Amino acid sequence: MRILVSNDDGIHAEGLDVLEEIARDLSDDVWTVAPETDQSGVSRSLTLSDPLRLRKVSHQRYAVSGTPTDCVQIAVTHLLAEKKPDLVLSGINNGQNLAEDLTFSGTIAAALQGMTLGLPSVALSLSRFSRDKVHWQTPRELAPDILRKLIAKGWPDHIALNINFPDKPPQECGPVQITRQGMRDQLSLYAEEREDLRGRRYYWFGFS
């Protein structure tokens, strides 16, 4: 089985390293094509007016100067065109992807692009409500078995799966629950006005 790994947090993200480890539990043919820089919140943006550059980082590992959608598109139709991936995994996002956040998410976008290209695709995210500790070991321990069961069962071609892991150690996690996308009670996105060193105003989006 050939697995394509991507994300939106960029080629140097810790969550990408964890996802590559998970993918190698499932296959010895793992390819990574991820954005050169953090692309969080870009949704399904596709680069149309700027040239895209593909940089080889190491064996079967590449960085793209574009969005998560660009990465999956280049990987499937160019880099791996002669033998396409059997599975696309996106993540692991540093933060949950729930409710209408899905419409912003580059992590979800990479999985949707894989789905669009006819490939089974899964987005994985790790909930994070504290700045003190990120429980990367939770998806590292739990994801391989979940993915094996999903692969064995299969799912419709027009569906991309979205998995969120709780913000707690793996031994404290309960059973897997299947749900549908919901809506927030209140969207917490805000714009903060700041000033650069030249005295020019700019705005920074954040979540409260």
# chains A, B, ... in the order shown; residues from 1 in each chain; ligands from 1

call {"tool": "closest_atom_pairs", "arguments": {"of": "region 81-167 of chain A", "to": "region 53-70 of chain A", "cutoff": "6 Å", "atoms": "only C-alpha atoms", "output": "JSON lines"}}
result
{"residue": "A:Gly106", "atom": "CA", "partner": "A:Pro68", "partner_atom": "CA", "distance": 5.9}
{"residue": "A:Ala110", "atom": "CA", "partner": "A:Pro68", "partner_atom": "CA", "distance": 5.1}
{"residue": "A:Gln113", "atom": "CA", "partner": "A:Thr69", "partner_atom": "CA", "distance": 5.9}

call {"tool": "residues_around", "arguments": {"residues": "Trp31 (chain A)", "least_positions_apart": "2", "cutoff": "10 Å", "atoms": "only C-alpha atoms", "output": "PyMOL selection string"}}
result
chain A and resi 2-6+20+23-24+28-29+33-34+59-62+75+79-80+85+88

call {"tool": "write_last_selection", "arguments": {"atoms": "C-alpha atoms", "output": "PDB file, in the first residue's frame"}}
result
ATOM      1  CA  ARG A   2       1.323   3.424  -0.976  1.00  0.00           C
ATOM      2  CA  ILE A   3       0.457   6.247   1.432  1.00  0.00           C
ATOM      3  CA  LEU A   4       0.675   9.979   0.745  1.00  0.00           C
ATOM      4  CA  VAL A   5       1.101  12.172   3.827  1.00  0.00           C
ATOM      5  CA  SER A   6       0.453  15.918   3.827  1.00  0.00           C
ATOM      6  CA  GLU A  20       4.676   9.787   9.167  1.00  0.00           C
ATOM      7  CA  ALA A  23       1.849   5.792   8.206  1.00  0.00           C
ATOM      8  CA  ARG A  24       5.005   3.673   8.469  1.00  0.00           C
ATOM      9  CA  ASP A  28       6.742   0.668   3.974  1.00  0.00           C
ATOM     10  CA  ASP A  29       5.899   2.912   0.997  1.00  0.00           C
ATOM     11  CA  VAL A  33       4.470  16.181   0.241  1.00  0.00           C
ATOM     12  CA  ALA A  34       3.741  19.116   2.551  1.00  0.00           C
ATOM     13  CA  HIS A  59      14.021  10.248   0.559  1.00  0.00           C
ATOM     14  CA  GLN A  60      10.330  10.325  -0.518  1.00  0.00           C
ATOM     15  CA  ARG A  61       9.855  13.600   1.351  1.00  0.00           C
ATOM     16  CA  TYR A  62       9.114  16.902  -0.436  1.00  0.00           C
ATOM     17  CA  ALA A  75       1.918  14.609  -5.541  1.00  0.00           C
ATOM     18  CA  LEU A  79       5.290  13.115  -8.491  1.00  0.00           C
ATOM     19  CA  LEU A  80       3.387   9.836  -8.077  1.00  0.00           C
ATOM     20  CA  PRO A  85      -1.279   6.508  -3.609  1.00  0.00           C
ATOM     21  CA  VAL A  88      -4.042  10.030   1.650  1.00  0.00           C
TER      22      VAL A  88
END

call {"tool": "select_by_dssp", "arguments": {"residues": "region 8-57 of chain A", "states": "helix (DSSP H, G or I)", "output": "list of chain:residue names"}}
result
A:Glu14, A:Gly15, A:Leu16, A:Asp17, A:Val18, A:Leu19, A:Glu20, A:Glu21, A:Ile22, A:Ala23, A:Arg24, A:Asp25, A:Leu26

call {"tool": "closest_residue", "arguments": {"among": "A:Ala81, A:Leu197, A:Leu102, A:Leu117", "to": "Ile163 (chain A)", "atoms": "only C-alpha atoms"}}
result
A:Leu102

call {"tool": "select_by_dssp", "arguments": {"residues": "region 97-128 of chain A", "states": "strand (DSSP E or B)", "output": "PyMOL selection string"}}
result
chain A and resi 121-126

call {"tool": "residues_around", "arguments": {"residues": "Leu98 (chain A)", "least_positions_apart": "6", "cutoff": "10 Å", "atoms": "only C-alpha atoms", "output": "MDAnalysis selection string"}}
result
chainID A and resid 105 125 127 162:164 180:184

call {"tool": "residues_around", "arguments": {"residues": "Leu19 (chain A)", "least_positions_apart": "2", "cutoff": "8 Å", "atoms": "only C-alpha atoms", "output": "ChimeraX atom specification"}}
result
/A:5,15-17,21-23,89-92,140

call {"tool": "write_last_selection", "arguments": {"atoms": "N, CA, C and O atoms", "output": "PDB file, in the first residue's frame"}}
result
ATOM      1  N   VAL A   5       1.297  11.392   2.604  1.00  0.00           N
ATOM      2  CA  VAL A   5       1.101  12.172   3.827  1.00  0.00           C
ATOM      3  C   VAL A   5       1.262  13.653   3.496  1.00  0.00           C
ATOM      4  O   VAL A   5       2.200  14.049   2.792  1.00  0.00           O
ATOM      5  N   GLY A  15       3.474  17.524  14.242  1.00  0.00           N
ATOM      6  CA  GLY A  15       2.366  16.640  13.917  1.00  0.00           C
ATOM      7  C   GLY A  15       2.588  15.849  12.640  1.00  0.00           C
ATOM      8  O   GLY A  15       2.107  14.719  12.512  1.00  0.00           O
ATOM      9  N   LEU A  16       3.309  16.429  11.689  1.00  0.00           N
ATOM     10  CA  LEU A  16       3.634  15.718  10.455  1.00  0.00           C
ATOM     11  C   LEU A  16       4.579  14.558  10.746  1.00  0.00           C
ATOM     12  O   LEU A  16       4.418  13.461  10.193  1.00  0.00           O
ATOM     13  N   ASP A  17       5.555  14.778  11.609  1.00  0.00           N
ATOM     14  CA  ASP A  17       6.468  13.702  12.001  1.00  0.00           C
ATOM     15  C   ASP A  17       5.700  12.538  12.628  1.00  0.00           C
ATOM     16  O   ASP A  17       5.970  11.366  12.341  1.00  0.00           O
ATOM     17  N   GLU A  21       5.172   8.576  11.220  1.00  0.00           N
ATOM     18  CA  GLU A  21       5.400   7.371  12.019  1.00  0.00           C
ATOM     19  C   GLU A  21       4.189   6.449  11.959  1.00  0.00           C
ATOM     20  O   GLU A  21       4.316   5.231  11.829  1.00  0.00           O
ATOM     21  N   ILE A  22       3.000   7.024  12.065  1.00  0.00           N
ATOM     22  CA  ILE A  22       1.770   6.244  11.987  1.00  0.00           C
ATOM     23  C   ILE A  22       1.655   5.580  10.613  1.00  0.00           C
ATOM     24  O   ILE A  22       1.315   4.395  10.507  1.00  0.00           O
ATOM     25  N   ALA A  23       1.931   6.336   9.564  1.00  0.00           N
ATOM     26  CA  ALA A  23       1.849   5.792   8.206  1.00  0.00           C
ATOM     27  C   ALA A  23       2.822   4.641   8.017  1.00  0.00           C
ATOM     28  O   ALA A  23       2.499   3.636   7.360  1.00  0.00           O
ATOM     29  N   LEU A  89      -3.304  10.680   3.880  1.00  0.00           N
ATOM     30  CA  LEU A  89      -3.453  11.059   5.284  1.00  0.00           C
ATOM     31  C   LEU A  89      -2.999  12.505   5.439  1.00  0.00           C
ATOM     32  O   LEU A  89      -1.911  12.871   4.981  1.00  0.00           O
ATOM     33  N   SER A  90      -3.804  13.316   6.101  1.00  0.00           N
ATOM     34  CA  SER A  90      -3.479  14.727   6.298  1.00  0.00           C
ATOM     35  C   SER A  90      -3.453  15.060   7.787  1.00  0.00           C
ATOM     36  O   SER A  90      -4.362  14.704   8.529  1.00  0.00           O
ATOM     37  N   GLY A  91      -2.379  15.750   8.226  1.00  0.00           N
ATOM     38  CA  GLY A  91      -2.270  16.129   9.639  1.00  0.00           C
ATOM     39  C   GLY A  91      -0.858  15.873  10.154  1.00  0.00           C
ATOM     40  O   GLY A  91       0.076  15.895   9.373  1.00  0.00           O
ATOM     41  N   ILE A  92      -0.712  15.586  11.399  1.00  0.00           N
ATOM     42  CA  ILE A  92      -1.768  15.697  12.388  1.00  0.00           C
ATOM     43  C   ILE A  92      -1.838  17.147  12.826  1.00  0.00           C
ATOM     44  O   ILE A  92      -0.828  17.716  13.248  1.00  0.00           O
ATOM     45  N   ARG A 140      -0.497   8.927  18.207  1.00  0.00           N
ATOM     46  CA  ARG A 140       0.568   7.967  17.858  1.00  0.00           C
ATOM     47  C   ARG A 140       0.185   6.551  18.276  1.00  0.00           C
ATOM     48  O   ARG A 140       0.443   5.585  17.545  1.00  0.00           O
TER      49      ARG A 140
END

call {"tool": "atom_distance", "arguments": {"atom1": "CA of Thr32 (chain A)", "atom2": "CA of Val76 (chain A)"}}
result
11.3 Å

call {"tool": "closest_residue", "arguments": {"among": "A:Ser121, A:Gln177, A:Gln137, A:Asn94", "to": "Asp8 (chain A)", "atoms": "only C-alpha atoms"}}
result
A:Asn94

call {"tool": "atom_distance", "arguments": {"atom1": "CA of His158 (chain A)", "atom2": "CA of Gly114 (chain A)"}}
result
10.3 Å

call {"tool": "closest_residue", "arguments": {"among": "A:Val122, A:Thr103, A:Ala160, A:Ser49", "to": "Ala143 (chain A)", "atoms": "only C-alpha atoms"}}
result
A:Val122

call {"tool": "closest_residue", "arguments": {"among": "A:Leu189, A:Leu126, A:Ile74, A:Leu112", "to": "Pro139 (chain A)", "atoms": "only C-alpha atoms"}}
result
A:Leu126
